[in-house]
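Q: Here you go, this is structure-v6.txt (compact mmCIF, C-alpha atoms).
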# COMPACT_ATOMS: atom_id res chain seq x y z
CA ASP A 838 8.47 -17.76 -5.55
CA ALA A 839 10.59 -14.62 -5.40
CA GLY A 840 8.55 -11.63 -4.40
CA VAL A 841 9.31 -7.98 -5.00
CA ILE A 842 12.87 -7.30 -3.92
CA GLN A 843 13.97 -3.93 -2.64
CA SER A 844 17.41 -2.71 -1.69
CA PRO A 845 18.78 -1.45 0.53
CA ARG A 846 16.52 -2.32 3.49
CA HIS A 847 17.87 0.60 5.47
CA GLU A 848 19.65 3.77 4.39
CA VAL A 849 21.01 6.49 6.62
CA THR A 850 22.67 9.45 4.99
CA GLU A 851 23.29 13.13 5.45
CA MET A 852 21.16 15.79 3.87
CA GLY A 853 22.35 16.91 0.49
CA GLN A 854 23.50 13.45 -0.54
CA GLU A 855 22.05 11.52 -3.45
CA VAL A 856 19.97 8.50 -2.49
CA THR A 857 19.12 5.64 -4.83
CA LEU A 858 16.52 3.04 -3.97
CA ARG A 859 16.24 -0.11 -6.05
CA CYS A 860 13.43 -2.50 -6.90
CA LYS A 861 13.12 -5.78 -8.74
CA PRO A 862 9.47 -6.56 -9.50
CA ILE A 863 7.96 -10.00 -9.77
CA SER A 864 8.78 -11.54 -13.13
CA GLY A 865 5.93 -11.14 -15.61
CA HIS A 866 4.31 -8.23 -13.80
CA ASP A 867 3.68 -5.33 -16.16
CA TYR A 868 2.96 -2.68 -13.53
CA LEU A 869 5.40 -1.24 -11.02
CA PHE A 870 4.55 1.23 -8.28
CA TRP A 871 6.60 3.35 -5.89
CA TYR A 872 4.99 4.39 -2.58
CA ARG A 873 6.12 6.41 0.41
CA GLN A 874 4.80 5.78 3.91
CA THR A 875 4.92 8.41 6.65
CA MET A 876 3.03 8.82 9.90
CA MET A 877 1.40 12.02 8.72
CA ARG A 878 0.35 11.04 5.20
CA GLY A 879 0.12 7.26 5.38
CA LEU A 880 0.87 5.26 2.25
CA GLU A 881 0.96 7.52 -0.79
CA LEU A 882 1.64 6.67 -4.41
CA LEU A 883 4.61 8.47 -5.92
CA ILE A 884 4.72 7.08 -9.46
CA TYR A 885 3.77 4.00 -11.43
CA PHE A 886 4.96 2.37 -14.62
CA ASN A 887 3.26 0.16 -17.17
CA ASN A 888 5.55 -1.86 -19.42
CA ASN A 889 8.49 0.28 -18.26
CA VAL A 890 6.77 3.54 -19.23
CA PRO A 891 5.89 6.08 -16.51
CA ILE A 892 2.12 6.52 -16.51
CA ASP A 893 1.41 8.80 -13.59
CA ASP A 894 4.06 10.72 -11.67
CA SER A 895 1.71 13.25 -10.11
CA GLY A 896 2.59 11.94 -6.66
CA MET A 897 6.28 12.74 -6.98
CA PRO A 898 6.73 15.53 -4.45
CA GLU A 899 9.41 17.62 -6.12
CA ASP A 900 11.95 17.73 -8.91
CA ARG A 901 14.44 16.29 -6.45
CA PHE A 902 12.67 12.97 -6.94
CA SER A 903 13.08 10.93 -10.11
CA ALA A 904 12.28 7.36 -11.06
CA LYS A 905 13.36 5.18 -13.93
CA MET A 906 12.57 1.73 -15.22
CA PRO A 907 15.22 0.83 -17.79
CA ASN A 908 13.88 -2.71 -18.22
CA ALA A 909 11.12 -5.00 -17.01
CA SER A 910 13.12 -6.32 -14.07
CA PHE A 911 14.57 -3.19 -12.50
CA SER A 912 13.53 0.23 -11.30
CA THR A 913 15.19 3.00 -9.31
CA LEU A 914 13.91 5.90 -7.27
CA LYS A 915 16.43 8.71 -6.78
CA ILE A 916 16.40 11.67 -4.47
CA GLN A 917 18.94 14.37 -5.18
CA PRO A 918 19.63 16.32 -3.05
CA SER A 919 18.05 14.57 -0.09
CA GLU A 920 16.45 16.46 2.80
CA PRO A 921 15.44 15.39 6.34
CA ARG A 922 11.74 15.57 5.40
CA ASP A 923 12.34 12.79 2.88
CA SER A 924 12.80 10.38 5.78
CA ALA A 925 10.17 7.66 5.39
CA VAL A 926 9.69 4.05 4.37
CA TYR A 927 9.63 3.65 0.60
CA PHE A 928 7.82 0.67 -0.88
CA CYS A 929 7.90 -0.79 -4.33
CA ALA A 930 5.02 -2.94 -5.57
CA SER A 931 4.19 -4.77 -8.78
CA SER A 932 1.10 -6.30 -10.32
CA PHE A 933 0.21 -8.35 -13.36
CA THR A 934 -2.41 -5.90 -14.57
CA GLY A 935 -3.62 -2.52 -13.41
CA ASN A 936 -6.59 -3.97 -11.61
CA GLN A 937 -4.93 -6.94 -9.95
CA PRO A 938 -3.74 -6.89 -6.32
CA GLN A 939 -0.32 -5.36 -5.95
CA HIS A 940 2.51 -7.30 -4.34
CA PHE A 941 4.76 -5.23 -2.13
CA GLY A 942 8.42 -5.46 -1.26
CA ASP A 943 9.52 -5.13 2.35
CA GLY A 944 10.47 -1.48 1.86
CA THR A 945 13.50 0.72 2.34
CA ARG A 946 13.63 2.67 5.58
CA LEU A 947 15.32 5.96 4.70
CA SER A 948 16.70 8.34 7.30
CA ILE A 949 18.15 11.67 6.21
CA LEU A 950 20.13 13.37 8.96
CA ASP B 81 -8.48 15.60 0.97
CA GLN B 82 -8.55 11.91 1.80
CA GLN B 83 -10.49 9.80 -0.66
CA VAL B 84 -10.20 6.67 1.47
CA LYS B 85 -10.66 6.98 5.22
CA GLN B 86 -10.15 4.57 8.06
CA ASN B 87 -11.43 6.50 11.03
CA SER B 88 -10.30 4.09 13.73
CA PRO B 89 -6.52 4.15 14.17
CA SER B 90 -6.66 1.13 16.47
CA LEU B 91 -8.90 -1.74 17.55
CA SER B 92 -8.48 -4.27 20.33
CA VAL B 93 -10.38 -7.58 20.29
CA GLN B 94 -10.37 -10.74 22.37
CA GLU B 95 -9.20 -13.93 20.73
CA GLY B 96 -12.10 -15.92 19.27
CA ARG B 97 -14.35 -12.87 18.87
CA ILE B 98 -15.17 -10.97 15.71
CA SER B 99 -12.98 -8.10 14.47
CA ILE B 100 -14.70 -5.50 12.32
CA LEU B 101 -12.57 -2.98 10.48
CA ASN B 102 -14.26 -0.12 8.68
CA CYS B 103 -13.42 2.02 5.68
CA ASP B 104 -15.20 4.91 3.95
CA TYR B 105 -14.53 6.37 0.54
CA THR B 106 -15.66 9.48 -1.28
CA ASN B 107 -15.14 8.77 -4.97
CA SER B 108 -18.09 6.96 -6.56
CA MET B 109 -15.87 6.05 -9.54
CA PHE B 110 -13.93 3.53 -7.47
CA ASP B 111 -14.84 0.07 -8.70
CA TYR B 112 -12.46 -2.27 -6.91
CA PHE B 113 -11.60 -2.44 -3.23
CA LEU B 114 -8.89 -4.32 -1.38
CA TRP B 115 -7.70 -5.03 2.12
CA TYR B 116 -4.04 -5.42 2.97
CA LYS B 117 -2.40 -6.60 6.16
CA LYS B 118 0.95 -5.28 7.31
CA TYR B 119 3.32 -6.61 9.95
CA PRO B 120 6.16 -4.44 11.30
CA ALA B 121 9.23 -4.24 9.04
CA GLU B 122 7.39 -5.96 6.20
CA GLY B 123 5.49 -4.72 3.17
CA PRO B 124 1.69 -4.83 3.01
CA THR B 125 0.29 -8.22 2.02
CA PHE B 126 -2.87 -8.59 -0.02
CA LEU B 127 -5.69 -10.14 1.98
CA ILE B 128 -9.00 -9.95 0.14
CA SER B 129 -10.75 -7.84 -2.49
CA ILE B 130 -14.20 -7.04 -3.77
CA SER B 131 -15.52 -5.66 -7.03
CA SER B 132 -18.16 -2.96 -7.00
CA ILE B 133 -20.62 -5.35 -8.68
CA LYS B 134 -20.69 -7.44 -5.51
CA ASP B 135 -21.67 -6.66 -1.95
CA LYS B 136 -19.87 -9.50 -0.20
CA ASN B 137 -16.78 -11.63 -0.68
CA GLU B 138 -15.67 -14.36 1.67
CA ASP B 139 -12.36 -16.17 2.08
CA GLY B 140 -12.07 -18.42 5.09
CA ARG B 141 -12.19 -16.35 8.25
CA PHE B 142 -12.19 -13.10 6.26
CA THR B 143 -15.27 -11.45 4.76
CA VAL B 144 -15.46 -8.07 3.06
CA PHE B 145 -18.77 -6.24 2.79
CA LEU B 146 -19.42 -3.37 0.39
CA ASN B 147 -22.23 -0.84 0.75
CA LYS B 148 -22.03 1.33 -2.36
CA SER B 149 -24.85 3.66 -1.42
CA ALA B 150 -23.08 4.49 1.83
CA LYS B 151 -19.62 4.38 0.21
CA HIS B 152 -18.55 2.08 2.99
CA LEU B 153 -16.77 -1.22 3.24
CA SER B 154 -15.84 -3.40 6.15
CA LEU B 155 -13.62 -6.36 6.86
CA HIS B 156 -14.84 -9.03 9.26
CA ILE B 157 -12.45 -11.53 10.81
CA VAL B 158 -14.11 -14.46 12.56
CA PRO B 159 -12.79 -15.91 14.77
CA SER B 160 -9.95 -13.49 15.50
CA GLN B 161 -6.56 -15.00 16.31
CA PRO B 162 -3.47 -13.44 17.95
CA GLY B 163 -1.63 -13.85 14.63
CA ASP B 164 -4.12 -11.45 13.06
CA SER B 165 -2.57 -8.61 15.07
CA ALA B 166 -1.28 -6.22 12.41
CA VAL B 167 -2.09 -2.96 10.66
CA TYR B 168 -4.90 -3.32 8.12
CA PHE B 169 -5.12 -1.00 5.13
CA CYS B 170 -8.16 -0.46 3.01
CA ALA B 171 -7.50 0.51 -0.63
CA ALA B 172 -9.65 1.58 -3.56
CA SER B 173 -8.99 1.52 -7.28
CA GLY B 174 -10.59 3.30 -10.18
CA GLN B 175 -7.96 3.74 -12.85
CA GLY B 176 -5.28 1.18 -12.21
CA ASN B 177 -3.61 2.71 -9.19
CA LEU B 178 -4.62 2.28 -5.56
CA ILE B 179 -5.60 4.89 -3.01
CA PHE B 180 -4.89 3.71 0.53
CA GLY B 181 -6.42 4.58 3.85
CA LYS B 182 -4.09 5.33 6.75
CA GLY B 183 -4.65 1.96 8.37
CA THR B 184 -6.14 0.47 11.52
CA LYS B 185 -3.91 -1.32 14.00
CA LEU B 186 -5.65 -4.48 15.19
CA SER B 187 -4.58 -6.13 18.43
CA VAL B 188 -6.02 -9.55 19.20
CA LYS B 189 -5.50 -10.48 22.83
CA PRO B 190 -5.21 -14.10 23.95
What is this file in structure tokens?

A:
Amino acid sequence: DAGVIQSPRHEVTEMGQEVTLRCKPISGHDYLFWYRQTMMRGLELLIYFNNNVPIDDSGMPEDRFSAKMPNASFSTLKIQPSEPRDSAVYFCASSFTGNQPQHFGDGTRLSIL
Amino acid sequence: DQQVKQNSPSLSVQEGRISILNCDYTNSMFDYFLWYKKYPAEGPTFLISISSIKDKNEDGRFTVFLNKSAKHLSLHIVPSQPGDSAVYFCAASGQGNLIFGKGTKLSVKP
């Protein structure tokens, strides 16, 4: 079974550049979540979607961050402009319902120089 | 303010012995709790869960205990194996999204 697929696995870019992270959830899952993991803050929820509609984006740190889910099989997380403090591992996860275990992708390790 | 806390950043256990990982939470509205395991360079993998209507759930070598009055849950691994070495995250849910603890790194020594 294909799990949650994230791309790229690694991204290194200079500050000020636009960064786009991509996620393909598990087919049939109605919920999609974006997380950020840092040493200081651990694993924190940025935003989640239900049936392609953003439900809670209170974890999105700033207006530089935006997320979209144009269809049930694809989502993007964009950072524009990027800053060094955005360096982290970003995970995407999906679940069948809101109270089912979430399945995580392997993450994108983002480094902003 | 952290709603889900794992106060031990690391734990070292001998192979064959019991590993006990602890987690505390502050929000009494949480009604579903999960444990995830994470290996380096991989995403967290779901391990076991428990609903607030139960106080114990068992799956093979893994058992989760929930003490609602103390707002505490624990994960027991018996017997521990070297392949269990990973970071373990506790998570709690109340409204569809999960709140994660910062994780405990378990090392099981042969």

Q: Residues of chain A near chain B: apply a cut-off of 6 Å, count only C-alpha atoms, and supply the list as a PDB file with C-alpha atoms, in the coordinates of the input.

A:
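Result went into out_1.pdb, see below:
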ATOM      1  CA  GLY A 879       0.120   7.260   5.380  1.00  0.00           C
ATOM      2  CA  GLY A 935      -3.620  -2.520 -13.410  1.00  0.00           C
ATOM      3  CA  ASN A 936      -6.590  -3.970 -11.610  1.00  0.00           C
ATOM      4  CA  PHE A 941       4.760  -5.230  -2.130  1.00  0.00           C
ATOM      5  CA  GLY A 942       8.420  -5.460  -1.260  1.00  0.00           C
ATOM      6  CA  ASP A 943       9.520  -5.130   2.350  1.00  0.00           C
TER       7      ASP A 943
END

Q: For each of B:Val84, B:Val144, B:Val188, B:Ala171, take the minimum atom-to-atom distance to Thr106 of chain B, counting all atoms listed in the file, then give the residue where this is smallest.

A: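 The answer is B:Val84, which sits nearest to Thr106 of chain B.
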
Q: Excluding Glu920 of chain A and its own-chain neighbours fewer than 2 positions away, which residues fall within 6 Å of it when counting all atoms listed in the file? Please give them as a PyMOL selection string.

A: chain A and resi 852+922-923

Q: What is the distance between atom CA of Phe902 of chain A and atom CA of Arg873 of chain A, in Å to one decimal?

A: 11.8 Å

Q: What gap, in Å, lies between atom CA of Gln937 of chain A and atom CA of Leu91 of chain B?

A: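 These atoms are spaced 28.3 Å apart.
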
Q: With only C-alpha atoms as the atoms that count, which of A:Gly944, A:Pro862, A:Gly853, A:Pro938 lies nearest to Ser131 of chain B?

A: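 The shortest atom-to-atom distance to Ser131 of chain B comes from A:Pro938.
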
Q: Expressed in Å to a single decimal, how great is the separation between atom CA of Arg859 of chain A and atom CA of Met877 of chain A?

A: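 We find that atom CA of Arg859 of chain A and atom CA of Met877 of chain A lie 24.2 Å from each other.
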
Q: If you count all atoms listed in the file, which residues fall within 12 Å of Leu882 of chain A, apart from same-chain ones fewer than 2 positions away, as a PyMOL selection string?

A: (chain A and resi 869-875+878-880+884-886+893-898+927-930) or (chain B and resi 171+176-181)

Q: Using the file's own x, y and z axes, so that the box edges lie along x, y and z, what centre and edge lengths in Å (one decimal) does a box around every listed atom of segment 130-144 of chain B get when 8 Å is added on each side? Give it as JSON.

A:
{"center_x": -16.9, "center_y": -10.7, "center_z": -0.2, "size_x": 25.6, "size_y": 31.5, "size_z": 32.9}

Q: May I have the residues within 9 Å of Asn107 of chain B as a PyMOL selection string, using all atoms listed in the file and disregarding those fewer than 2 positions away in the same chain?

A: chain B and resi 83-84+105+109-110+151+174

Q: Restricting the calculation to only C-alpha atoms, which member of A:His940, A:Met876, A:Ser919, A:Ser932 is positioned closest to Val849 of chain A?

A: A:Ser919

Q: Identify, on the basis of all atoms listed in the file, every residue whose closest approach to segment 153-160 of chain B does not exceed 7 Å; exclude the query and any residue fewer than 3 positions from it along the same chain; express the result as a PyMOL selection string.

A: chain B and resi 95-104+141-147+164+188

Q: Using only C-alpha atoms, pick whichever of A:Ile949, A:Tyr868, A:Glu848, A:Leu858 has the shortest atom-to-atom distance to Leu914 of chain A.

A: A:Leu858
